[in-house]
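Raw data.cif, mmCIF, C-alpha atoms:
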```cif
data_query
#
loop_
_atom_site.label_atom_id
_atom_site.label_comp_id
_atom_site.auth_asym_id
_atom_site.auth_seq_id
_atom_site.Cartn_x
_atom_site.Cartn_y
_atom_site.Cartn_z
CA MET A 1194 20.48 -38.72 21.49
CA LEU A 1195 23.40 -36.50 20.49
CA SER A 1196 26.32 -36.41 22.88
CA LEU A 1197 27.57 -33.01 24.04
CA VAL A 1198 30.61 -33.41 21.79
CA SER A 1199 28.60 -34.34 18.71
CA TYR A 1200 26.03 -31.58 19.39
CA SER A 1201 28.81 -29.00 19.71
CA SER A 1202 30.35 -30.25 16.48
CA LEU A 1203 27.00 -29.89 14.73
CA VAL A 1204 26.61 -26.30 15.95
CA LEU A 1205 30.12 -25.47 14.76
CA PHE A 1206 29.35 -27.05 11.40
CA LEU A 1207 26.12 -25.05 10.97
CA ALA A 1208 27.35 -21.76 12.50
CA PRO A 1209 29.02 -20.33 9.39
CA TYR A 1210 25.90 -21.15 7.33
CA LEU A 1211 23.56 -19.54 9.88
CA ALA A 1212 25.84 -16.57 10.48
CA THR A 1213 25.69 -15.59 6.83
CA ALA A 1214 21.90 -15.82 6.89
CA GLN A 1215 21.43 -12.44 8.52
CA VAL A 1216 20.09 -9.30 6.92
CA ASN A 1217 22.49 -7.71 4.45
CA GLY A 1218 22.92 -3.97 5.02
CA THR A 1219 20.92 -1.50 7.09
CA ALA A 1220 17.41 -0.21 6.56
CA TYR A 1221 17.29 3.35 5.24
CA GLY A 1222 14.89 5.95 3.89
CA PHE A 1223 11.53 5.94 5.63
CA ALA A 1224 12.40 2.49 7.02
CA THR A 1225 15.34 3.96 8.98
CA GLY A 1226 15.65 2.27 12.37
CA THR A 1227 13.98 -0.96 11.25
CA THR A 1228 15.91 -3.94 12.61
CA GLY A 1229 13.51 -6.86 12.08
CA GLY A 1230 14.52 -9.86 14.15
CA GLY A 1231 17.77 -8.17 15.16
CA ASP A 1232 20.51 -10.53 16.25
CA ALA A 1233 18.24 -13.53 16.82
CA MET A 1234 19.79 -16.76 15.58
CA ALA A 1235 18.71 -17.48 12.01
CA ALA A 1236 16.70 -20.65 11.60
CA ALA A 1237 15.08 -22.35 8.63
CA PRO A 1238 11.51 -23.65 8.94
CA LYS A 1239 11.13 -27.28 7.90
CA ASP A 1240 7.84 -26.88 6.03
CA ILE A 1241 4.98 -24.51 5.20
CA ALA A 1242 3.24 -25.13 8.53
CA GLN A 1243 6.27 -24.17 10.56
CA LEU A 1244 6.88 -21.13 8.36
CA ALA A 1245 3.33 -19.91 9.02
CA THR A 1246 3.77 -20.39 12.78
CA TRP A 1247 7.10 -18.60 12.95
CA LEU A 1248 5.90 -15.69 10.87
CA SER A 1249 2.85 -15.03 13.03
CA ASP A 1250 4.16 -15.54 16.57
CA SER A 1251 5.42 -12.85 18.96
CA THR A 1252 9.04 -14.05 19.09
CA PRO A 1253 11.72 -11.89 17.39
CA ARG A 1254 13.06 -14.07 14.59
CA VAL A 1255 15.43 -14.22 11.64
CA ILE A 1256 13.58 -16.66 9.40
CA LEU A 1257 15.79 -18.30 6.83
CA LEU A 1258 14.18 -19.33 3.53
CA ASP A 1259 16.49 -21.86 1.91
CA LYS A 1260 14.02 -23.56 -0.46
CA THR A 1261 10.63 -23.16 -2.12
CA PHE A 1262 7.71 -23.00 0.29
CA ASN A 1263 4.89 -24.04 -2.01
CA PHE A 1264 1.37 -23.39 -0.73
CA ILE A 1265 -0.42 -24.21 -3.97
CA GLY A 1266 -3.00 -26.91 -3.30
CA SER A 1267 -2.41 -26.85 0.46
CA GLU A 1268 -5.90 -25.52 1.19
CA GLY A 1269 -7.74 -26.95 -1.80
CA THR A 1270 -9.67 -25.01 -4.42
CA ALA A 1271 -12.86 -22.98 -4.48
CA THR A 1272 -15.34 -22.28 -7.27
CA GLU A 1273 -17.53 -19.20 -7.41
CA ALA A 1274 -19.09 -16.69 -9.73
CA GLY A 1275 -16.99 -14.03 -11.38
CA CYS A 1276 -16.45 -12.33 -14.70
CA TYR A 1277 -13.97 -11.29 -17.35
CA GLN A 1278 -13.64 -8.31 -19.66
CA THR A 1279 -15.58 -8.82 -22.87
CA THR A 1280 -12.77 -7.16 -24.84
CA CYS A 1281 -9.97 -8.97 -22.99
CA THR A 1282 -11.09 -12.54 -22.52
CA PRO A 1283 -9.11 -15.42 -20.99
CA ALA A 1284 -8.77 -16.86 -24.50
CA MET A 1285 -7.07 -13.59 -25.49
CA GLY A 1286 -4.66 -13.78 -22.54
CA GLY A 1287 -6.83 -11.78 -20.12
CA GLN A 1288 -7.56 -12.31 -16.44
CA THR A 1289 -10.77 -13.33 -14.73
CA TYR A 1290 -12.22 -11.40 -11.76
CA ILE A 1291 -13.30 -13.38 -8.69
CA GLY A 1292 -16.56 -12.38 -6.97
CA THR A 1293 -18.79 -9.40 -7.70
CA LEU A 1294 -16.63 -6.37 -6.86
CA SER A 1295 -15.37 -5.85 -10.41
CA CYS A 1296 -18.30 -7.37 -12.26
CA GLY A 1297 -21.07 -4.80 -11.99
CA GLY A 1298 -20.16 -2.51 -14.87
CA SER A 1299 -20.73 -2.80 -18.57
CA GLY A 1300 -18.25 -4.67 -20.69
CA MET A 1301 -17.98 -7.60 -18.28
CA THR A 1302 -19.08 -11.16 -19.07
CA ALA A 1303 -20.21 -13.48 -16.27
CA THR A 1304 -18.35 -16.74 -15.73
CA THR A 1305 -17.51 -19.35 -13.09
CA ILE A 1306 -14.00 -19.33 -11.65
CA THR A 1307 -12.04 -22.04 -9.87
CA TYR A 1308 -9.03 -20.77 -7.93
CA ASP A 1309 -6.52 -21.91 -5.32
CA LYS A 1310 -7.74 -21.05 -1.82
CA ALA A 1311 -4.25 -20.54 -0.39
CA GLY A 1312 -3.77 -17.40 -2.45
CA VAL A 1313 -6.69 -15.52 -0.88
CA THR A 1314 -5.62 -16.27 2.72
CA PRO A 1315 -2.18 -14.65 3.15
CA LEU A 1316 0.32 -15.50 5.85
CA THR A 1317 0.14 -13.16 8.85
CA VAL A 1318 3.45 -11.58 9.88
CA GLY A 1319 4.05 -10.46 13.46
CA SER A 1320 6.42 -7.79 14.75
CA ASN A 1321 10.21 -8.01 14.91
CA LYS A 1322 10.77 -10.41 12.04
CA SER A 1323 13.52 -10.67 9.43
CA ILE A 1324 12.49 -12.90 6.52
CA VAL A 1325 15.64 -13.68 4.58
CA GLY A 1326 16.18 -15.77 1.47
CA VAL A 1327 19.45 -17.60 0.85
CA GLY A 1328 20.99 -17.16 -2.58
CA SER A 1329 18.20 -17.55 -5.12
CA ALA A 1330 16.54 -20.38 -3.17
CA GLY A 1331 14.10 -18.44 -0.99
CA ILE A 1332 10.70 -18.66 -2.75
CA ILE A 1333 7.19 -18.30 -1.36
CA MET A 1334 4.81 -19.72 -3.93
CA GLY A 1335 1.03 -19.55 -3.98
CA LYS A 1336 0.55 -17.27 -0.99
CA GLY A 1337 1.47 -13.74 0.03
CA LEU A 1338 2.25 -11.97 3.32
CA HIS A 1339 -0.14 -9.82 5.35
CA LEU A 1340 1.16 -7.29 7.88
CA PRO A 1341 -1.78 -6.23 10.09
CA GLY A 1342 -1.84 -2.84 11.77
CA THR A 1343 -0.44 -4.26 15.02
CA THR A 1344 2.77 -5.36 13.28
CA LYS A 1345 5.92 -3.25 13.22
CA ASN A 1346 9.65 -3.61 12.59
CA VAL A 1347 9.81 -6.13 9.74
CA ILE A 1348 12.51 -6.80 7.14
CA ILE A 1349 11.78 -8.86 4.02
CA GLN A 1350 14.92 -9.45 1.99
CA ASN A 1351 15.97 -11.61 -0.96
CA VAL A 1352 12.66 -13.48 -1.30
CA HIS A 1353 10.82 -14.35 -4.53
CA PHE A 1354 7.02 -14.14 -4.32
CA THR A 1355 5.31 -15.88 -7.22
CA ASN A 1356 2.30 -17.82 -8.58
CA VAL A 1357 -0.48 -16.41 -6.42
CA ASN A 1358 -3.52 -17.18 -8.60
CA PRO A 1359 -2.05 -15.26 -11.54
CA VAL A 1360 -5.09 -15.98 -13.72
CA SER A 1361 -7.53 -14.19 -11.42
CA VAL A 1362 -7.83 -10.65 -10.06
CA TRP A 1363 -8.76 -10.77 -6.35
CA GLY A 1364 -6.83 -14.02 -6.15
CA GLY A 1365 -4.33 -12.55 -3.68
CA ASP A 1366 -1.60 -9.95 -3.17
CA ALA A 1367 2.08 -10.71 -2.65
CA LEU A 1368 2.55 -8.17 0.18
CA SER A 1369 -0.15 -6.26 2.05
CA LEU A 1370 0.76 -3.50 4.53
CA GLU A 1371 -2.01 -2.20 6.78
CA GLY A 1372 -0.45 0.43 9.02
CA ASN A 1373 3.07 -0.70 9.90
CA ASP A 1374 5.79 1.36 11.54
CA GLY A 1375 9.05 0.26 9.96
CA VAL A 1376 9.09 -2.16 7.02
CA TRP A 1377 12.06 -2.69 4.70
CA ILE A 1378 11.36 -4.65 1.50
CA ASP A 1379 14.72 -5.19 -0.17
CA HIS A 1380 16.23 -7.30 -2.97
CA CYS A 1381 13.02 -9.26 -3.52
CA LYS A 1382 11.37 -10.40 -6.74
CA PHE A 1383 7.68 -10.33 -7.56
CA SER A 1384 6.12 -12.24 -10.45
CA LYS A 1385 2.83 -13.84 -11.54
CA ILE A 1386 0.54 -12.43 -8.86
CA GLY A 1387 -3.23 -12.24 -9.37
CA ARG A 1388 -3.44 -8.72 -8.03
CA MET A 1389 -0.96 -6.36 -6.34
CA PHE A 1390 2.74 -7.04 -5.98
CA ILE A 1391 2.74 -4.67 -2.96
CA VAL A 1392 -0.17 -2.70 -1.52
CA SER A 1393 -0.21 -0.32 1.43
CA HIS A 1394 -3.75 0.52 2.54
CA TYR A 1395 -6.17 1.15 5.43
CA ALA A 1396 -3.66 2.90 7.73
CA ALA A 1397 -0.33 4.72 7.37
CA SER A 1398 2.90 2.76 7.00
CA LEU A 1399 6.52 3.92 7.04
CA PHE A 1400 8.53 1.77 4.67
CA THR A 1401 11.26 1.47 2.07
CA VAL A 1402 11.03 -0.55 -1.15
CA SER A 1403 14.55 -0.96 -2.52
CA ASN A 1404 16.51 -3.06 -5.00
CA ASN A 1405 13.50 -5.19 -5.98
CA GLU A 1406 12.58 -6.68 -9.33
CA PHE A 1407 8.96 -6.24 -10.39
CA ASP A 1408 8.66 -8.75 -13.22
CA GLY A 1409 5.40 -8.16 -15.04
CA ALA A 1410 5.83 -10.71 -17.84
CA THR A 1411 2.69 -12.85 -17.83
CA SER A 1412 0.40 -14.92 -20.03
CA THR A 1413 -2.67 -13.65 -18.13
CA SER A 1414 -2.82 -9.86 -18.27
CA ALA A 1415 -5.66 -7.49 -17.32
CA THR A 1416 -4.63 -5.49 -20.38
CA CYS A 1417 -4.17 -8.49 -22.73
CA ASN A 1418 -0.65 -7.44 -23.72
CA GLY A 1419 1.59 -9.82 -21.77
CA ASN A 1420 2.23 -7.10 -19.15
CA THR A 1421 1.01 -7.04 -15.54
CA TYR A 1422 -1.23 -4.11 -14.66
CA TRP A 1423 -1.30 -4.63 -10.88
CA GLY A 1424 2.10 -3.33 -9.78
CA THR A 1425 2.38 -1.48 -6.47
CA MET A 1426 -0.19 0.74 -4.80
CA PHE A 1427 0.51 2.98 -1.80
CA ILE A 1428 -2.81 4.54 -0.92
CA ALA A 1429 -3.10 4.75 2.87
CA GLU A 1430 -3.64 8.15 4.45
CA GLY A 1431 -0.26 9.24 5.84
CA ASP A 1432 1.92 6.70 4.03
CA GLN A 1433 5.60 7.67 3.94
CA ALA A 1434 7.66 5.61 1.53
CA THR A 1435 11.08 5.47 -0.10
CA ILE A 1436 11.16 3.79 -3.52
CA ASP A 1437 14.80 3.31 -4.46
CA ARG A 1438 16.74 1.41 -7.16
CA ASN A 1439 13.98 -0.98 -8.22
CA TYR A 1440 13.61 -2.64 -11.63
CA TRP A 1441 10.15 -2.41 -13.16
CA HIS A 1442 9.70 -4.28 -16.43
CA ASP A 1443 6.88 -5.65 -18.57
CA MET A 1444 4.32 -3.62 -16.64
CA SER A 1445 1.14 -2.01 -17.97
CA GLY A 1446 0.16 0.14 -14.99
CA ARG A 1447 0.50 1.10 -11.34
CA SER A 1448 4.28 1.13 -11.47
CA PRO A 1449 3.86 2.64 -8.95
CA LYS A 1450 0.45 4.05 -7.99
CA LEU A 1451 0.93 6.76 -5.35
CA GLY A 1452 -2.05 8.00 -3.38
CA ALA A 1453 -5.76 8.07 -4.13
CA ASP A 1454 -8.55 10.61 -4.17
CA GLY A 1455 -8.67 12.42 -0.82
CA VAL A 1456 -5.52 10.73 0.52
CA LYS A 1457 -2.24 12.37 1.58
CA THR A 1458 1.02 10.47 1.16
CA THR A 1459 4.72 11.38 1.07
CA ILE A 1460 7.02 9.60 -1.37
CA GLN A 1461 10.65 9.84 -2.52
CA ALA A 1462 11.37 7.81 -5.67
CA THR A 1463 15.04 7.62 -6.65
CA ASN A 1464 17.11 5.78 -9.25
CA ASN A 1465 14.47 3.29 -10.37
CA TYR A 1466 14.78 1.69 -13.81
CA PHE A 1467 11.67 1.26 -15.96
CA TYR A 1468 11.92 -0.89 -19.08
CA ASN A 1469 9.57 -2.31 -21.71
CA ASN A 1470 6.41 -1.13 -19.98
CA LEU A 1471 3.41 -0.99 -22.31
CA GLY A 1472 1.19 1.02 -19.95
CA HIS A 1473 1.83 3.88 -17.53
CA ASP A 1474 4.53 3.99 -14.88
CA PHE A 1475 3.97 6.69 -12.22
CA GLU A 1476 0.27 7.10 -11.41
CA ILE A 1477 0.03 9.93 -8.87
CA TYR A 1478 -2.99 11.54 -7.23
CA PRO A 1479 -3.54 15.00 -5.70
CA GLY A 1480 -2.57 14.96 -2.05
CA THR A 1481 0.64 13.04 -2.73
CA THR A 1482 3.86 14.91 -2.07
CA ALA A 1483 6.49 13.30 -4.27
CA LEU A 1484 10.16 13.95 -5.01
CA ILE A 1485 11.06 12.00 -8.15
CA GLU A 1486 14.73 12.04 -9.14
CA GLY A 1487 17.41 10.01 -10.85
CA ASN A 1488 14.98 7.58 -12.51
CA ARG A 1489 15.62 6.07 -15.95
CA PHE A 1490 12.81 5.22 -18.39
CA HIS A 1491 13.70 3.18 -21.46
CA VAL A 1492 11.18 1.80 -23.98
CA VAL A 1493 8.11 2.71 -21.95
CA ASN A 1494 4.80 4.01 -23.25
CA THR A 1495 3.92 6.53 -20.55
CA PRO A 1496 6.47 7.52 -17.87
CA MET A 1497 3.86 9.46 -15.91
CA HIS A 1498 0.09 9.09 -16.06
CA ALA A 1499 -1.66 12.09 -17.60
CA GLY A 1500 -3.63 12.76 -14.42
CA ALA A 1501 -0.44 13.80 -12.61
CA GLU A 1502 0.60 16.50 -15.03
CA SER A 1503 -0.84 19.41 -13.04
CA ILE A 1504 -0.26 18.28 -9.45
CA ALA A 1505 1.73 21.01 -7.67
CA THR A 1506 2.93 18.71 -4.88
CA ILE A 1507 5.07 16.67 -7.30
CA TYR A 1508 8.65 17.75 -7.91
CA ASN A 1509 10.07 15.76 -10.83
CA VAL A 1510 13.23 17.77 -11.63
CA PRO A 1511 12.37 18.51 -15.28
CA ASP A 1512 15.41 20.70 -16.05
CA ALA A 1513 18.76 21.96 -14.82
CA ALA A 1514 17.26 24.97 -13.08
CA SER A 1515 14.93 22.82 -11.01
CA ALA A 1516 17.84 20.55 -10.09
CA SER A 1517 19.80 23.55 -8.80
CA ALA A 1518 16.79 24.95 -6.95
CA CYS A 1519 16.96 22.03 -4.51
CA THR A 1520 20.24 23.27 -3.05
CA ALA A 1521 18.76 26.16 -1.09
CA ILE A 1522 16.05 23.95 0.44
CA LEU A 1523 17.54 20.45 0.73
CA GLY A 1524 21.22 21.36 0.93
CA ARG A 1525 22.05 19.51 -2.27
CA ALA A 1526 21.13 19.60 -5.94
CA CYS A 1527 18.42 17.21 -7.09
CA GLU A 1528 19.12 14.66 -9.81
CA GLY A 1529 17.23 14.83 -13.10
CA ASN A 1530 15.45 11.89 -14.70
CA ALA A 1531 16.24 10.36 -18.12
CA ILE A 1532 13.76 9.15 -20.76
CA THR A 1533 14.89 7.31 -23.90
CA SER A 1534 13.07 5.53 -26.73
CA SER A 1535 9.77 6.14 -24.98
CA GLY A 1536 6.37 7.67 -25.56
CA GLY A 1537 4.33 10.08 -23.48
CA THR A 1538 5.59 13.30 -21.96
CA TRP A 1539 7.53 14.23 -18.84
CA PRO A 1540 5.65 17.18 -17.34
CA SER A 1541 7.39 20.23 -15.89
CA LEU A 1542 6.51 20.05 -12.19
CA LYS A 1543 8.82 22.35 -10.25
CA ASP A 1544 6.82 24.27 -7.68
CA THR A 1545 9.13 24.18 -4.64
CA THR A 1546 6.32 23.53 -2.15
CA PRO A 1547 7.00 19.76 -2.04
CA LEU A 1548 10.70 20.43 -1.43
CA LYS A 1549 9.80 22.33 1.73
CA THR A 1550 7.79 19.34 2.92
CA MET A 1551 10.71 17.06 2.19
CA ALA A 1552 13.18 19.34 3.99
CA ALA A 1553 11.34 18.66 7.25
CA LEU A 1554 11.94 14.93 6.63
CA LYS A 1555 15.55 15.30 5.60
CA LYS A 1556 16.88 12.50 7.81
CA TYR A 1557 14.85 10.02 5.76
CA LEU A 1558 15.83 11.27 2.31
CA VAL A 1559 18.07 9.31 -0.04
CA THR A 1560 20.81 11.10 -1.98
CA PRO A 1561 20.53 9.62 -5.47
CA ILE A 1562 23.37 8.48 -7.67
CA LYS A 1563 23.80 10.07 -11.10
CA VAL A 1564 20.98 9.16 -13.44
CA GLY A 1565 23.53 8.02 -16.01
CA ASN A 1566 24.42 5.16 -13.64
CA THR A 1567 20.87 4.15 -12.76
CA MET A 1568 20.33 1.43 -15.38
CA THR A 1569 23.59 -0.44 -14.83
CA THR A 1570 23.36 -0.16 -11.05
CA VAL A 1571 19.80 -1.47 -10.92
CA LEU A 1572 20.38 -4.32 -13.38
CA ARG A 1573 23.43 -5.41 -11.43
CA ASN A 1574 21.77 -5.34 -8.01
CA ALA A 1575 17.98 -5.58 -8.13
CA GLY A 1576 16.15 -8.81 -7.34
CA VAL A 1577 17.06 -12.07 -5.63
CA GLY A 1578 20.43 -13.78 -5.56
CA LYS A 1579 22.35 -10.50 -5.84
CA ILE A 1580 23.47 -10.23 -2.22
CA THR A 1581 25.25 -12.52 0.23
CA VAL A 1582 23.00 -13.74 3.02
#
```
What would you get if you wrote out this structure as structure tokens?
Amino acid sequence: MLSLVSYSSLVLFLAPYLATAQVNGTAYGFATGTTGGGDAMAAAPKDIAQLATWLSDSTPRVILLDKTFNFIGSEGTATEAGCYQTTCTPAMGGQTYIGTLSCGGSGMTATTITYDKAGVTPLTVGSNKSIVGVGSAGIIMGKGLHLPGTTKNVIIQNVHFTNVNPVSVWGGDALSLEGNDGVWIDHCKFSKIGRMFIVSHYAASLFTVSNNEFDGATSTSATCNGNTYWGTMFIAEGDQATIDRNYWHDMSGRSPKLGADGVKTTIQATNNYFYNNLGHDFEIYPGTTALIEGNRFHVVNTPMHAGAESIATIYNVPDAASASACTAILGRACEGNAITSSGGTWPSLKDTTPLKTMAALKKYLVTPIKVGNTMTTVLRNAGVGKITV
């Protein structure tokens, strides 16, 4: 048993380490007011079982991730029927599709798929949690996080999510939001995920996605080009999201996907850097109100999906006049976007109707930096290991 003196000495020894393991910065954008675990003492779970318990309980926590929490193999494997695209086979670097949901159409070849069961059963996250990685050490491997509709006030910062059944679609998402009031996803990295890096669905969430790296480089691609198709998808009725200063590279689609048929969402996307993307970046649906400013596209095939080119609720600041037009409504000029060494077109979407919607939400809006500084700022700051925690 530790004596009082030795116990006190141990606390003093650990205190500086734990004190630095708090959230860095303050939630902003549509995540304004999110505090996560607040000033709870940071603590590091000893293993994957304790991590799962701490994430799901009702206690406010700052959960310190100081190592790799590897769930691969922890629940065994499963084998079931599935399929793959006839024109993009696994031998060609394509993905398989678990189950029947994607296998009913033409152009699909039936197969049998063995996958890791941990990936399809994500970790449940309760309310009032800060999940904080230390340095570049905080990795969750083989399993994602699920925030059910009862969960609110969550911060996820400086964590790398990776290797969730990357060979197979429907093998698991990295982050799933299902109607959460206040989520800040900041300085994380996402790589090698079977399906979505982040998805918001089923019910409205208010959240900010900032300073993250979406690394789409993969040997198993739904588009057979070494790029991940399943980026981020915010499709819940009433979603309000800030997408700020993220790095999207080696992607072939849904980077990001905003809205869906018959769904209304509100999005501000500022100062994101898109690089070496062989598919489309912004995929936007009617019903989405979007303010898109200060973003830099370099060596991308399609900055904005063709389906968005006539949506009047998108304001993408296509010229100097549209930048100036923001002043009368938002109280500041908007920042234009920059496209270099890229294909596709940047449509002229400058009906001021979306600006009026955004003006009513002004307290949540980000003021972007100059687009000329976007690339260097994002490359310097996005992803894990770039902040002190």
Residues in the PyMOL selection byres ((chain A and resi 1263-1271) around 12), expressed as a PyMOL selection string: chain A and resi 1240-1242+1244-1245+1258+1260-1262+1272-1274+1291-1292+1305-1316+1331-1337+1353-1359+1364
Residues within 10 Å of Trp1247 (chain A), all atoms listed in the file, excluding chain neighbours under 4 positions, as number ranges by chain: A: 1236-1238, 1241-1243, 1251-1256, 1317-1319, 1322
Expansion of the PyMOL selection byres ((chain A and resi 1422-1436) around 7) into residues, as number ranges by chain: A: 1222-1223, 1388-1403, 1414-1416, 1420-1421, 1437, 1444-1453, 1456-1463
Non-local contacts of Asp1454 (chain A) (10 Å; only C-alpha atoms; under 4 positions in same chain excluded) as a ChimeraX atom specification: /A:1428,1477-1481
Atom pair CA of Val1325 (chain A) / CA of Lys1555 (chain A): separation (Å):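 Pair CA of Val1325 (chain A) / CA of Lys1555 (chain A) returns 29.0 Å.
Taking all atoms listed in the file into account, Ala1220 (chain A) lies nearest to A:Asp1379 out of the set A:Met1301, A:Ser1369, A:Asp1379, A:Tyr1290.
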As a compact mmCIF listing (two decimals) with C-alpha atoms, keeping the file's coordinate frame, please: the residues near Asn1488 (chain A) (cut-off 9 Å, only C-alpha atoms, same-chain neighbours under 5 positions excluded).
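Resulting contents of out.txt:
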```txt
# COMPACT_ATOMS: atom_id res chain seq x y z
CA ARG A 1438 16.74 1.41 -7.16
CA ALA A 1462 11.37 7.81 -5.67
CA THR A 1463 15.04 7.62 -6.65
CA ASN A 1464 17.11 5.78 -9.25
CA ASN A 1465 14.47 3.29 -10.37
CA TYR A 1466 14.78 1.69 -13.81
CA PHE A 1467 11.67 1.26 -15.96
CA GLU A 1528 19.12 14.66 -9.81
CA GLY A 1529 17.23 14.83 -13.10
CA ASN A 1530 15.45 11.89 -14.70
CA ALA A 1531 16.24 10.36 -18.12
CA ILE A 1532 13.76 9.15 -20.76
CA VAL A 1564 20.98 9.16 -13.44
CA THR A 1567 20.87 4.15 -12.76
CA MET A 1568 20.33 1.43 -15.38
```
Minimum-distance residue to Asn1418 (chain A), chosen among A:Val1577, A:Met1285, A:Leu1558, A:Val1571 (using all atoms listed in the file):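 Closest candidate: A:Met1285.
CA of Cys1519 (chain A) to CA of Leu1484 (chain A) spans 10.6 Å [interatomic distance, one decimal].
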All residues 10 Å or closer to Thr1219 (chain A), only C-alpha atoms, same chain fewer than 6 positions away omitted, as a list in words: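 The contact residues come out as Thr1225, Gly1226, Thr1227, Thr1228, Ile1348 and Trp1377 of chain A.
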Best match for closeness to Ala1505 (chain A) among A:Ala1483, A:Val1582, A:Ala1518, A:Ala1526, counting only C-alpha atoms: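 That would be A:Ala1483, the residue with the smallest distance to Ala1505 (chain A).
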Nearest to Leu1471 (chain A), chosen from A:Gly1524, A:Gly1409, A:Gly1275, A:Gly1455, with only C-alpha atoms counted in the distances: A:Gly1409
CA of Ala1552 (chain A) to CA of Ile1522 (chain A), straight-line distance in Å: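 For CA of Ile1522 (chain A) relative to CA of Ala1552 (chain A), the distance reads 6.5 Å.
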Build an axis-aligned box that encloses every atom of region 1262-1279 of chain A listed in the file, pad it by 3 Å on each side, and report its centre and edge lengths in Å to one decimal, as JSON.
```
{"center_x": -5.7, "center_y": -17.6, "center_z": -10.8, "size_x": 32.8, "size_y": 24.6, "size_z": 30.1}
```
Pick from A:Lys1382, A:Gly1487, A:Ser1534, A:Lys1543, whichever lies nearest to Thr1560 (chain A) using all atoms listed in the file: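 Checking each of A:Lys1382, A:Gly1487, A:Ser1534, A:Lys1543 against Thr1560 (chain A), counting all atoms listed in the file, the winner is A:Gly1487.
Each of A:Pro1283, A:Ser1299, A:His1498, A:Ser1323 was checked against Ala1233 (chain A) using only C-alpha atoms; the smallest atom-to-atom distance is that of A:Ser1323.
With only C-alpha atoms taken into account, the protein and nucleic acid residues at most 10 Å from Ile1580 (chain A) (excluding it and anything under 4 positions from it in its own chain) are Val1216, Asn1217, Gly1218, Gly1326, Val1327, Gly1328, Ser1329, Gln1350, Asn1351, His1380, Asn1574, Ala1575 and Gly1576 of chain A.
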